[in-house]
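Participant: So here's upload_2.txt, just compact mmCIF, C-alpha atoms:
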```
# COMPACT_ATOMS: atom_id res chain seq x y z
CA MET V 164 -21.36 20.51 2.17
CA PHE V 165 -18.12 22.49 1.80
CA MET V 166 -16.36 20.31 4.38
CA ALA V 167 -17.51 17.11 2.65
CA ALA V 168 -16.24 18.41 -0.72
CA LEU V 169 -12.92 19.38 0.87
CA ILE V 170 -12.54 15.97 2.53
CA LEU V 171 -13.44 14.25 -0.75
CA ILE V 172 -10.76 16.16 -2.70
CA LEU V 173 -8.12 15.73 0.02
CA SER V 174 -8.71 12.06 0.65
CA THR V 175 -8.92 11.18 -3.05
CA GLY V 176 -5.58 12.93 -3.54
CA LEU V 177 -4.11 11.13 -0.54
CA PHE V 178 -5.46 7.78 -1.77
CA PHE V 179 -3.55 8.08 -5.06
CA PHE V 180 -0.53 9.51 -3.24
CA TYR V 181 -0.35 6.43 -1.00
CA LEU V 182 -0.81 4.08 -3.95
CA GLN V 183 2.10 5.82 -5.67
CA ALA V 184 4.15 5.59 -2.47
CA VAL V 185 3.51 1.82 -2.29
CA CYS V 186 4.72 1.47 -5.91
CA GLN V 187 7.83 3.54 -5.16
CA LYS V 188 8.56 1.41 -2.09
CA ILE V 189 8.29 -1.77 -4.18
CA LEU V 190 10.62 -0.24 -6.80
CA ARG V 191 13.18 0.54 -4.09
CA ARG V 192 13.69 -3.17 -3.39
CA ARG V 193 17.38 -4.01 -3.31
CA PHE V 194 18.50 -6.96 -5.41
CA THR V 195 21.57 -8.98 -4.46
CA GLN V 196 23.22 -7.91 -7.74
CA GLU V 197 22.39 -5.93 -10.89
CA PHE V 198 20.52 -8.62 -12.79
CA PHE V 199 19.01 -6.21 -15.31
CA GLN V 200 22.19 -5.69 -17.34
CA SER V 201 22.28 -9.23 -18.75
CA ILE V 202 18.57 -9.05 -19.64
CA VAL V 203 19.07 -5.66 -21.32
CA ASN V 204 22.00 -7.02 -23.36
CA ALA V 205 20.31 -10.27 -24.29
CA ASN V 206 17.09 -8.60 -25.42
CA ARG V 207 18.59 -5.36 -26.75
CA LEU V 208 16.38 -3.22 -24.56
CA GLU V 209 16.81 0.52 -24.88
CA PHE V 210 15.58 2.00 -21.62
CA PRO V 211 19.10 2.41 -20.15
CA SER V 212 19.99 4.64 -23.11
CA VAL V 213 16.85 6.75 -22.42
CA ARG V 214 18.00 7.20 -18.82
CA LYS V 215 21.55 7.97 -19.91
CA ALA V 216 20.28 10.61 -22.34
CA ILE V 217 18.30 12.24 -19.52
CA GLU V 218 21.25 12.11 -17.12
CA ASP V 219 23.75 13.44 -19.69
CA PHE V 220 21.69 16.02 -21.55
CA GLY V 221 18.89 16.75 -19.08
CA SER V 222 16.18 15.81 -21.57
CA PRO V 223 15.04 12.57 -23.21
CA MET V 224 15.28 11.81 -26.94
CA GLU V 225 12.60 13.09 -29.34
CA TYR V 226 9.08 12.29 -28.18
CA PRO V 227 7.88 9.71 -30.78
CA ARG V 228 11.06 7.65 -30.37
CA LEU V 229 10.89 7.91 -26.58
CA THR V 230 7.33 6.60 -26.37
CA LEU V 231 8.02 3.83 -28.88
CA THR V 232 11.18 2.75 -27.05
CA LEU V 233 9.49 2.64 -23.65
CA LYS V 234 6.41 0.88 -25.00
CA CYS V 235 8.46 -1.81 -26.80
CA ASP V 236 10.63 -2.43 -23.74
CA PHE V 237 7.52 -2.64 -21.59
CA LEU V 238 5.92 -5.22 -23.90
CA ALA V 239 9.10 -7.29 -24.05
CA LEU V 240 9.65 -7.22 -20.29
CA THR V 241 6.04 -7.98 -19.35
CA TYR V 242 6.17 -10.95 -21.75
CA LEU V 243 9.39 -12.15 -20.09
CA LEU V 244 7.95 -11.58 -16.61
CA LYS V 245 5.10 -13.91 -17.42
CA ASN V 246 6.97 -16.54 -19.42
CA ALA V 247 10.69 -16.56 -18.60
CA ALA V 248 11.56 -19.02 -15.81
CA ASN V 249 8.12 -18.46 -14.32
CA VAL V 250 6.59 -21.80 -13.34
CA ASN V 251 3.13 -20.34 -12.66
CA GLN V 252 3.09 -18.31 -15.94
CA ARG V 253 1.32 -15.57 -13.96
CA TYR V 254 2.18 -12.10 -12.75
CA THR V 255 2.53 -11.61 -9.01
CA TYR V 256 0.35 -8.99 -7.25
CA GLU V 257 3.16 -6.45 -7.06
CA GLU V 258 3.93 -6.95 -10.77
CA ARG V 259 0.27 -6.34 -11.62
CA LEU V 260 0.28 -3.18 -9.51
CA LEU V 261 3.46 -1.96 -11.20
CA ILE V 262 2.03 -2.70 -14.66
CA VAL V 263 -0.97 -0.49 -13.82
CA TYR V 264 1.41 2.12 -12.39
CA PHE V 265 3.49 2.04 -15.60
CA LYS V 266 0.37 2.64 -17.69
CA LEU V 267 -0.69 5.56 -15.48
CA VAL V 268 2.75 7.17 -15.57
CA PHE V 269 2.85 6.62 -19.35
CA ALA V 270 -0.52 8.40 -19.64
CA SER V 271 0.90 11.25 -17.55
CA LEU V 272 3.92 11.41 -19.92
CA VAL V 273 1.61 11.75 -22.92
CA THR V 274 -0.48 14.40 -21.10
CA ARG V 275 2.64 16.32 -20.13
CA HIS V 276 3.78 16.29 -23.74
CA TRP V 277 0.47 17.69 -24.98
CA LEU V 278 0.47 20.35 -22.26
CA LYS V 279 4.08 21.19 -23.19
CA LEU V 280 5.36 20.44 -19.67
CA ARG V 281 8.67 18.74 -18.82
CA GLU V 282 8.56 15.00 -19.43
CA THR V 283 11.86 14.14 -17.75
CA ALA V 284 10.48 13.07 -14.34
CA ALA V 285 7.83 10.79 -15.88
CA ALA V 286 10.37 9.26 -18.30
CA LEU V 287 12.76 8.55 -15.40
CA LYS V 288 9.96 6.88 -13.41
CA LEU V 289 9.16 4.70 -16.43
CA THR V 290 12.78 3.62 -16.81
CA ALA V 291 12.90 2.79 -13.07
CA ILE V 292 9.87 0.51 -13.45
CA LEU V 293 11.43 -1.17 -16.50
CA GLU V 294 14.69 -1.67 -14.60
CA TYR V 295 12.77 -3.32 -11.77
CA PHE V 296 11.04 -5.67 -14.23
CA ALA V 297 14.38 -6.52 -15.86
CA ASN V 298 15.89 -7.18 -12.42
CA VAL V 299 13.03 -9.52 -11.48
CA VAL V 300 13.35 -11.41 -14.79
CA GLY V 301 17.13 -11.55 -14.36
CA GLU V 302 16.84 -12.81 -10.80
CA ARG V 303 14.44 -15.58 -11.87
CA VAL V 304 16.52 -16.53 -14.90
CA ASN V 305 19.65 -16.57 -12.76
CA THR V 306 18.24 -19.34 -10.59
CA VAL V 307 17.70 -21.63 -13.60
CA ARG V 308 20.86 -23.42 -14.74
CA PHE V 309 21.73 -24.97 -18.10
CA GLY V 310 24.63 -27.33 -17.35
CA ASN V 311 27.42 -25.16 -15.97
CA LEU V 312 25.91 -21.92 -17.29
CA THR V 313 23.24 -19.76 -15.71
CA ALA V 314 20.36 -18.91 -18.04
CA SER V 315 21.56 -15.32 -18.45
CA ASP V 316 25.06 -16.53 -19.42
CA TYR V 317 23.42 -18.97 -21.80
CA LEU V 318 21.37 -16.16 -23.38
CA LEU V 319 24.46 -13.97 -23.72
CA ASN V 320 26.44 -16.75 -25.41
CA LEU V 321 23.79 -17.47 -28.05
CA MET T 634 -24.33 -5.22 -13.33
CA SER T 635 -27.16 -7.16 -11.71
CA LEU T 636 -27.98 -7.01 -8.02
CA VAL T 637 -26.84 -10.62 -7.49
CA SER T 638 -23.43 -10.06 -9.10
CA ASN T 639 -22.98 -6.87 -7.05
CA GLU T 640 -23.72 -8.79 -3.86
CA LEU T 641 -21.37 -11.55 -4.96
CA LEU T 642 -18.61 -9.03 -5.64
CA ILE T 643 -19.06 -7.33 -2.25
CA HIS T 644 -19.10 -10.65 -0.40
CA GLY T 645 -16.14 -11.92 -2.42
CA LEU T 646 -14.10 -8.87 -1.43
CA GLN T 647 -15.16 -9.22 2.21
CA TYR T 648 -14.29 -12.91 2.44
CA ALA T 649 -10.96 -12.32 0.67
CA GLY T 650 -10.27 -9.70 3.36
CA TYR T 651 -11.09 -12.16 6.18
CA ALA T 652 -8.83 -14.78 4.60
CA LEU T 653 -5.97 -12.27 4.39
CA GLU T 654 -6.51 -11.18 8.02
CA GLY T 655 -6.24 -14.84 9.10
CA PHE T 656 -3.17 -15.28 6.90
CA ILE T 657 -1.38 -12.26 8.44
CA CYS T 658 -2.05 -13.49 11.99
CA LEU T 659 -0.92 -17.04 11.18
CA ARG T 660 2.18 -15.80 9.38
CA LEU T 661 3.20 -13.57 12.31
CA VAL T 662 2.50 -16.22 14.95
CA ARG T 663 4.14 -19.11 13.06
CA GLY T 664 7.21 -17.06 12.21
CA GLY T 665 7.45 -15.93 15.86
CA ARG T 666 7.36 -12.33 14.64
CA TRP T 667 4.24 -11.34 16.54
CA ARG T 668 6.47 -10.03 19.37
CA ASP T 669 7.90 -7.38 17.02
CA HIS T 670 4.43 -6.61 15.62
CA LYS T 671 2.23 -6.80 18.72
CA GLY T 672 0.12 -3.78 17.73
CA LEU T 673 -0.37 -4.97 14.17
CA CYS T 674 -1.23 -8.49 15.29
CA LEU T 675 -3.75 -7.21 17.84
CA TYR T 676 -5.39 -4.83 15.34
CA VAL T 677 -5.75 -7.51 12.64
CA THR T 678 -7.13 -9.99 15.21
CA LEU T 679 -9.60 -7.35 16.41
CA LEU T 680 -10.62 -6.60 12.82
CA PHE T 681 -11.19 -10.28 12.14
CA ALA T 682 -13.02 -10.90 15.44
CA LEU T 683 -15.36 -7.91 15.15
CA ASP T 684 -15.86 -7.51 11.40
CA GLY T 685 -15.53 -11.15 10.38
CA VAL T 686 -17.14 -12.97 13.31
CA ALA T 687 -19.13 -10.77 15.72
CA ARG T 688 -20.96 -8.55 13.19
CA PRO T 689 -22.22 -11.41 10.96
CA THR T 690 -23.30 -13.32 14.10
CA VAL T 691 -25.32 -10.38 15.42
CA LEU T 692 -26.69 -9.75 11.91
CA ASN T 693 -27.87 -13.35 11.60
CA TYR T 694 -29.43 -13.30 15.05
CA PHE T 695 -31.24 -9.93 15.00
CA GLY T 696 -31.58 -9.14 11.27
CA TRP T 697 -30.45 -6.28 9.02
CA ALA T 698 -33.13 -3.74 10.00
CA SER T 699 -32.95 -4.32 13.77
CA VAL T 700 -31.95 -1.60 16.23
CA GLN T 701 -29.66 -4.07 18.03
CA PHE T 702 -27.59 -4.67 14.92
CA ARG T 703 -27.36 -0.94 14.22
CA TYR T 704 -26.14 -0.22 17.77
CA PHE T 705 -23.73 -3.11 17.69
CA TYR T 706 -22.36 -2.05 14.29
CA TRP T 707 -21.60 1.53 15.39
CA LEU T 708 -20.19 0.44 18.75
CA THR T 709 -17.78 -1.98 17.07
CA ASP T 710 -16.95 0.78 14.59
CA VAL T 711 -15.83 2.97 17.51
CA VAL T 712 -13.72 0.10 18.90
CA LEU T 713 -12.10 -0.39 15.48
CA ALA T 714 -11.49 3.36 15.11
CA MET T 715 -9.82 3.37 18.55
CA GLY T 716 -7.75 0.36 17.50
CA ALA T 717 -6.66 2.14 14.32
CA PHE T 718 -5.74 5.23 16.33
CA LEU T 719 -3.66 3.17 18.79
CA LEU T 720 -1.97 1.35 15.91
CA THR T 721 -1.05 4.73 14.38
CA CYS T 722 0.39 5.71 17.79
CA GLY T 723 2.38 2.45 17.75
CA PHE T 724 3.79 3.31 14.31
CA PHE T 725 4.78 6.76 15.61
CA ARG T 726 6.56 5.05 18.55
CA ARG T 727 8.45 2.78 16.15
CA ALA T 728 9.45 5.74 13.98
CA CYS T 729 10.77 7.61 17.05
CA THR T 730 12.80 4.68 18.48
CA GLN T 731 16.06 6.59 18.03
CA GLU T 732 14.59 10.00 18.96
CA GLU T 733 13.36 10.01 22.57
CA ARG T 734 12.90 13.80 22.70
CA LEU T 735 10.83 13.76 19.53
CA TRP T 736 8.72 10.91 20.93
CA ARG T 737 7.89 12.97 24.04
CA PHE T 738 6.60 15.76 21.80
CA VAL T 739 4.73 13.34 19.50
CA ARG T 740 3.11 11.64 22.50
CA LEU T 741 1.77 14.98 23.73
CA MET T 742 0.49 15.79 20.24
CA LEU T 743 -1.31 12.43 19.99
CA VAL T 744 -3.02 12.96 23.37
CA PHE T 745 -4.03 16.47 22.27
CA VAL T 746 -5.48 15.19 18.97
CA PHE T 747 -7.49 12.53 20.78
CA ALA T 748 -8.85 15.08 23.28
CA LEU T 749 -9.72 17.40 20.38
CA VAL T 750 -11.64 14.66 18.57
CA VAL T 751 -13.60 13.85 21.75
CA ALA T 752 -14.36 17.56 22.30
CA ILE T 753 -15.53 18.18 18.70
CA SER T 754 -17.73 15.06 18.79
CA ALA T 755 -19.16 16.09 22.16
CA LEU T 756 -20.01 19.49 20.67
CA ALA T 757 -22.13 17.69 18.08
CA LEU T 758 -23.85 15.81 20.93
CA THR T 759 -24.78 19.04 22.74
CA ARG T 760 -26.58 20.23 19.59
CA HIS T 761 -28.67 17.03 19.41
CA TYR T 762 -28.32 15.59 22.92
CA THR T 763 -31.15 13.09 22.42
CA GLN T 764 -29.27 11.28 19.64
CA LEU T 765 -26.39 9.56 21.39
CA TYR T 766 -25.65 7.30 18.43
CA THR T 767 -26.02 9.57 15.41
CA GLY T 768 -24.91 12.62 17.38
CA PHE T 769 -21.86 11.27 19.15
CA ILE T 770 -20.84 7.69 18.37
CA VAL T 771 -21.03 8.03 14.57
CA GLU T 772 -19.50 11.52 14.62
CA PHE T 773 -16.75 10.34 17.00
CA SER T 774 -15.74 7.33 14.91
CA GLN T 775 -15.76 9.38 11.66
CA ASN T 776 -13.67 12.15 13.23
CA LEU T 777 -11.26 9.60 14.69
CA TYR T 778 -10.83 7.88 11.31
CA PHE T 779 -10.17 11.24 9.62
CA SER T 780 -7.67 12.25 12.32
CA CYS T 781 -5.96 8.87 11.79
CA LEU T 782 -5.65 9.73 8.10
CA VAL T 783 -4.10 13.11 8.91
CA LEU T 784 -1.76 11.60 11.54
CA ASN T 785 -0.78 8.82 9.15
CA THR T 786 0.14 11.41 6.52
CA LEU T 787 2.18 13.34 9.10
CA LEU T 788 3.94 10.10 10.02
CA PHE T 789 4.72 9.40 6.36
CA VAL T 790 6.19 12.90 5.96
CA MET T 791 8.16 12.43 9.20
CA ILE T 792 9.65 9.14 7.94
CA GLN T 793 10.75 10.89 4.73
CA GLN T 794 12.13 13.95 6.55
CA LEU T 795 14.08 11.99 9.17
CA ALA T 796 15.22 9.52 6.47
CA ILE T 797 14.25 6.58 8.70
CA ASP T 798 15.64 3.43 7.08
CA ASP T 799 12.70 1.15 7.86
CA ASP T 800 11.10 -0.08 4.64
CA GLU T 801 8.65 -2.26 6.51
CA LEU T 802 7.31 0.64 8.55
CA GLY T 803 7.01 2.76 5.37
CA LEU T 804 4.93 0.07 3.67
CA LEU T 805 2.76 -0.49 6.75
CA VAL T 806 2.05 3.26 6.90
CA CYS T 807 1.26 3.35 3.16
CA GLY T 808 -1.15 0.42 3.54
CA MET T 809 -2.93 2.18 6.37
CA GLY T 810 -3.08 5.37 4.29
CA VAL T 811 -4.76 3.55 1.39
CA GLN T 812 -7.44 2.23 3.77
CA PHE T 813 -8.11 5.53 5.58
CA ALA T 814 -8.00 7.72 2.47
CA GLY T 815 -10.28 5.41 0.47
CA GLU T 816 -12.76 5.15 3.30
CA ALA T 817 -12.78 8.91 3.97
CA ALA T 818 -13.27 9.64 0.24
CA GLY T 819 -16.15 7.14 0.06
CA LEU T 820 -17.81 8.62 3.13
CA ALA T 821 -17.48 12.20 1.84
CA LEU T 822 -18.92 11.18 -1.55
CA TYR T 823 -21.80 9.48 0.24
CA HIS T 824 -22.56 12.66 2.20
CA LEU T 825 -22.29 14.87 -0.90
CA THR T 826 -24.67 12.78 -2.99
CA PHE T 827 -27.09 12.12 -0.09
CA GLY T 828 -26.62 8.36 -0.48
CA GLU T 829 -27.76 7.91 -4.11
CA HIS T 830 -28.15 4.29 -5.21
CA ALA T 831 -25.11 4.23 -7.54
CA VAL T 832 -22.94 5.90 -4.88
CA GLN T 833 -24.23 3.45 -2.27
CA LEU T 834 -22.94 0.64 -4.45
CA VAL T 835 -19.55 2.34 -4.92
CA PHE T 836 -19.39 2.96 -1.18
CA SER T 837 -20.15 -0.66 -0.30
CA LEU T 838 -17.49 -1.84 -2.79
CA LEU T 839 -14.89 0.76 -1.85
CA ASN T 840 -14.62 -0.17 1.83
CA PRO T 841 -13.77 -3.87 1.44
CA ALA T 842 -11.58 -3.05 -1.59
CA CYS T 843 -9.55 -0.55 0.45
CA THR T 844 -9.26 -3.02 3.35
CA LEU T 845 -8.04 -5.61 0.86
CA GLY T 846 -5.49 -3.11 -0.51
CA MET T 847 -4.25 -2.40 3.03
CA LEU T 848 -3.95 -6.09 3.92
CA LEU T 849 -2.13 -6.93 0.67
CA THR T 850 0.34 -4.09 1.28
CA TRP T 851 0.90 -5.32 4.84
CA ILE T 852 1.45 -8.89 3.64
CA TYR T 853 3.98 -7.61 1.09
CA ALA T 854 5.71 -5.61 3.86
CA ILE T 855 5.86 -8.56 6.25
CA MET T 856 6.90 -11.17 3.70
CA LYS T 857 9.48 -9.15 1.80
CA THR T 858 11.25 -8.00 4.93
CA GLN T 859 11.14 -11.56 6.26
CA GLU T 860 12.73 -12.72 2.99
CA ALA T 861 15.30 -9.93 3.11
CA ALA T 862 16.30 -10.59 6.73
CA PRO T 863 17.94 -14.03 6.20
CA ALA T 864 19.52 -12.75 2.98
CA ARG T 865 21.09 -9.89 4.88
CA SER T 866 22.32 -12.17 7.66
CA GLN T 867 23.70 -14.54 5.00
CA VAL T 868 25.60 -11.62 3.48
CA GLY T 869 26.78 -10.68 6.97
CA LYS T 870 28.02 -14.23 7.56
CA GLN T 871 29.88 -14.18 4.24
CA VAL T 872 31.52 -10.87 5.14
CA VAL T 873 32.60 -12.25 8.54
CA LEU T 874 33.91 -15.39 6.82
CA ALA T 875 35.83 -13.35 4.24
CA GLU T 876 37.34 -11.21 7.01
CA ALA T 877 38.33 -14.34 8.99
CA VAL T 878 39.98 -15.86 5.90
CA SER T 879 41.87 -12.62 5.10
CA ASP T 880 43.11 -12.45 8.73
```
Can you give me the file's structure in the form of structure tokens?

Facilitator:
Amino acid sequence: MFMAALILILSTGLFFFYLQAVCQKILRRRFTQEFFQSIVNANRLEFPSVRKAIEDFGSPMEYPRLTLTLKCDFLALTYLLKNAANVNQRYTYEERLLIVYFKLVFASLVTRHWLKLRETAAALKLTAILEYFANVVGERVNTVRFGNLTASDYLLNL
Amino acid sequence: MSLVSNELLIHGLQYAGYALEGFICLRLVRGGRWRDHKGLCLYVTLLFALDGVARPTVLNYFGWASVQFRYFYWLTDVVLAMGAFLLTCGFFRRACTQEERLWRFVRLMLVFVFALVVAISALALTRHYTQLYTGFIVEFSQNLYFSCLVLNTLLFVMIQQLAIDDDELGLLVCGMGVQFAGEAAGLALYHLTFGEHAVQLVFSLLNPACTLGMLLTWIYAIMKTQEAAPARSQVGKQVVLAEAVSD
């Protein structure tokens, strides 16, 4: 009985650990260039400023603004992932997995706030996911051309 | 959820798994990459042949409640557990390609773990020596699966510690971890609740779902690295070209 309980706890922990490791491996994908910057500029996304605040001051902005910023960026990017230069108008499997991962990490951020623990690590993970989404959107948009301009150039020149 | 929809869900997950197993094999063979992934290719083929073809055939022939099917099921389970163990050994070998001394130590450790699993399972047989199947075969395959989970975790830690720059191997190990950990958790829950009906349903859903998770992770690993490889060589060509022009 004791052994079974121990195995249950250990293997459940390991199951979620491996799922997280898969997500982290997907996030580590190297893009040929930094596509996210043009998407951030064109859509006035704020997650880079959240990351900069953490890197410069060691802590994110005040909690309500932080959650609102991340949530809005997430909604904008998931919309773009599905609709911008996406012929199938569908998320891929890895995007679905990362969307679930974002929601779980966001829940952990909220829990950490209520337990008065440090939120920095969770906020950084969330910005990394958003950067990945922006890179994917940027990469897709970059392949579509409007005359002599790429789509991201076109968006920037609007 | 009704019984029919549960059955449909379980079968849907199983058939999706078989389709993915076929897809992985085809992808590796057609791309000529099976030589670099011999172990993986063999394991997936074995999984498909035993779980997707042989078990349903025996089930159709002898029936669900037959002794023959039960024996066949547990025997194939041992074969699959051995296959998983050998595949884990193969991943260890790949991780130690640059470290021959470390590989010698790891090889000894793997032999020791296997001998330990056989010894512990044999101990269970001596307690109930009349029950070869429940006493040894079942115990042996469960212990081997759990030791695979532990070894897989050690391998994952080793990859992180040695900073091995092999994203594909990392993803393959993670996929295997999802399968082993999910299965071990399901089995432990089953034992703790003495096989209650609701848990039985979770257990029968969890196994194919975890296999599906493992196969999807492996497909991602194989396809993304295959995509990245020509890109890298293209970059390499451009660098060579730029150097030639500058000379």

Participant: Please, what distance in Å, to one decimal, runs between atom CA of T:Arg688 and atom CA of T:Glu654?

Facilitator: 15.6 Å

Participant: What's around V:His276 at 10 Å? Count only C-alpha atoms, leave out sequence neighbours fewer than 6 positions away in its own chain, and write the answer as a VMD selection string.

Facilitator: chain V and resid 226 270 282

Participant: How many Å lie between atom CA of T:Gly803 and atom CA of V:Leu243, rounded to one decimal?

Facilitator: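 These atoms are spaced 29.6 Å apart.
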
Participant: Near T:Thr786, counting only C-alpha atoms, which residues have an atom at most 9 Å away, once you skip same-chain residues fewer than 5 positions from it, shown as an MDAnalysis selection string?

Facilitator: (chainID V and resid 177) or (chainID T and resid 781 791 806:807 810)

Participant: Have a look at atom CA of V:Val304 and atom CA of V:Ile202 and let me know their distance in Å, one decimal.

Facilitator: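 One can read the atom CA of V:Val304 to atom CA of V:Ile202 distance as 9.1 Å.
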
Participant: Enclose stretch 664-680 of chain T, meaning all of its atoms listed in the file, in a box aligned along x, y and z, pad it by 4 Å on each side, and list the centre and edge lengths in Å to one decimal, as JSON.

Facilitator:
```
{"center_x": -1.4, "center_y": -10.4, "center_z": 15.8, "size_x": 26.5, "size_y": 21.3, "size_z": 15.2}
```

Participant: Using only C-alpha atoms and a cut-off of 10 Å, which residues of chain V sit close to chain T? Please list them as a PyMOL selection string.

Facilitator: chain V and resi 164-189+191-195+256-257

Participant: Please dump the current selection as a PDB file, keeping the file's coordinate frame; keep C-alpha atoms.

Facilitator:
```pdb
ATOM      1  CA  MET V 164     -21.360  20.510   2.170  1.00  0.00           C
ATOM      2  CA  PHE V 165     -18.120  22.490   1.800  1.00  0.00           C
ATOM      3  CA  MET V 166     -16.360  20.310   4.380  1.00  0.00           C
ATOM      4  CA  ALA V 167     -17.510  17.110   2.650  1.00  0.00           C
ATOM      5  CA  ALA V 168     -16.240  18.410  -0.720  1.00  0.00           C
ATOM      6  CA  LEU V 169     -12.920  19.380   0.870  1.00  0.00           C
ATOM      7  CA  ILE V 170     -12.540  15.970   2.530  1.00  0.00           C
ATOM      8  CA  LEU V 171     -13.440  14.250  -0.750  1.00  0.00           C
ATOM      9  CA  ILE V 172     -10.760  16.160  -2.700  1.00  0.00           C
ATOM     10  CA  LEU V 173      -8.120  15.730   0.020  1.00  0.00           C
ATOM     11  CA  SER V 174      -8.710  12.060   0.650  1.00  0.00           C
ATOM     12  CA  THR V 175      -8.920  11.180  -3.050  1.00  0.00           C
ATOM     13  CA  GLY V 176      -5.580  12.930  -3.540  1.00  0.00           C
ATOM     14  CA  LEU V 177      -4.110  11.130  -0.540  1.00  0.00           C
ATOM     15  CA  PHE V 178      -5.460   7.780  -1.770  1.00  0.00           C
ATOM     16  CA  PHE V 179      -3.550   8.080  -5.060  1.00  0.00           C
ATOM     17  CA  PHE V 180      -0.530   9.510  -3.240  1.00  0.00           C
ATOM     18  CA  TYR V 181      -0.350   6.430  -1.000  1.00  0.00           C
ATOM     19  CA  LEU V 182      -0.810   4.080  -3.950  1.00  0.00           C
ATOM     20  CA  GLN V 183       2.100   5.820  -5.670  1.00  0.00           C
ATOM     21  CA  ALA V 184       4.150   5.590  -2.470  1.00  0.00           C
ATOM     22  CA  VAL V 185       3.510   1.820  -2.290  1.00  0.00           C
ATOM     23  CA  CYS V 186       4.720   1.470  -5.910  1.00  0.00           C
ATOM     24  CA  GLN V 187       7.830   3.540  -5.160  1.00  0.00           C
ATOM     25  CA  LYS V 188       8.560   1.410  -2.090  1.00  0.00           C
ATOM     26  CA  ILE V 189       8.290  -1.770  -4.180  1.00  0.00           C
ATOM     27  CA  ARG V 191      13.180   0.540  -4.090  1.00  0.00           C
ATOM     28  CA  ARG V 192      13.690  -3.170  -3.390  1.00  0.00           C
ATOM     29  CA  ARG V 193      17.380  -4.010  -3.310  1.00  0.00           C
ATOM     30  CA  PHE V 194      18.500  -6.960  -5.410  1.00  0.00           C
ATOM     31  CA  THR V 195      21.570  -8.980  -4.460  1.00  0.00           C
ATOM     32  CA  TYR V 256       0.350  -8.990  -7.250  1.00  0.00           C
ATOM     33  CA  GLU V 257       3.160  -6.450  -7.060  1.00  0.00           C
TER      34      GLU V 257
END
```

Participant: Around (-1.6, -12.1, 15.4) in the file's frame, which residues reach within 10 Å when counting all atoms listed in the file? Return as a PyMOL selection string?

Facilitator: chain T and resi 654-663+665-668+670-679

Participant: Extract, using only C-alpha atoms, all DNA, RNA and protein residues at most 10 Å from V:Phe269, discarding same-chain residues fewer than 2 positions from it, and format them as a ChimeraX atom specification.

Facilitator: /V:230,233-234,263-267,271-275,285-286,288-289

Participant: Excluding T:Leu795 and residues on its chain fewer than 4 positions from it, collect all residues at most 12 Å away from it, counting only C-alpha atoms, and give them as a PyMOL selection string.

Facilitator: chain T and resi 728-732+735+787-791+799

Participant: Keeping only C-alpha atoms, write the selected residues as a tab-separated table (two decimals), in the coordinates of the input.

Facilitator:
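File written: result.tsv
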```
chain	number	residue	atom	x	y	z
T	728	ALA	CA	9.45	5.74	13.98
T	729	CYS	CA	10.77	7.61	17.05
T	730	THR	CA	12.80	4.68	18.48
T	731	GLN	CA	16.06	6.59	18.03
T	732	GLU	CA	14.59	10.00	18.96
T	735	LEU	CA	10.83	13.76	19.53
T	787	LEU	CA	2.18	13.34	9.10
T	788	LEU	CA	3.94	10.10	10.02
T	789	PHE	CA	4.72	9.40	6.36
T	790	VAL	CA	6.19	12.90	5.96
T	791	MET	CA	8.16	12.43	9.20
T	799	ASP	CA	12.70	1.15	7.86
```

Participant: How would you write as a ChimeraX atom specification the residues that get within 8 Å of (14.8, -7.1, -20.9) in the file's frame, counting only C-alpha atoms?

Facilitator: /V:199,202-208,236,239-240,243,296-297,300

Participant: Name the closest residue to V:Ile292 among the candidates V:Arg259, V:Lys215, V:Lys245, V:Lys279; distances are taken between atoms, counting all atoms listed in the file.

Facilitator: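 Of the candidates, the smallest distance to V:Ile292 is held by V:Arg259.
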
Participant: Residues at most 10 Å from V:Ser212, counting only C-alpha atoms, excluding those fewer than 2 positions away in the same chain, as a ChimeraX atom specification?

Facilitator: /V:208-210,214-218,223-224,232,290

Participant: Just write the chosen residues, C-alpha atoms, as a PDB file, in the coordinates of the input.

Facilitator:
```
ATOM      1  CA  LEU V 208      16.380  -3.220 -24.560  1.00  0.00           C
ATOM      2  CA  GLU V 209      16.810   0.520 -24.880  1.00  0.00           C
ATOM      3  CA  PHE V 210      15.580   2.000 -21.620  1.00  0.00           C
ATOM      4  CA  ARG V 214      18.000   7.200 -18.820  1.00  0.00           C
ATOM      5  CA  LYS V 215      21.550   7.970 -19.910  1.00  0.00           C
ATOM      6  CA  ALA V 216      20.280  10.610 -22.340  1.00  0.00           C
ATOM      7  CA  ILE V 217      18.300  12.240 -19.520  1.00  0.00           C
ATOM      8  CA  GLU V 218      21.250  12.110 -17.120  1.00  0.00           C
ATOM      9  CA  PRO V 223      15.040  12.570 -23.210  1.00  0.00           C
ATOM     10  CA  MET V 224      15.280  11.810 -26.940  1.00  0.00           C
ATOM     11  CA  THR V 232      11.180   2.750 -27.050  1.00  0.00           C
ATOM     12  CA  THR V 290      12.780   3.620 -16.810  1.00  0.00           C
TER      13      THR V 290
END
```
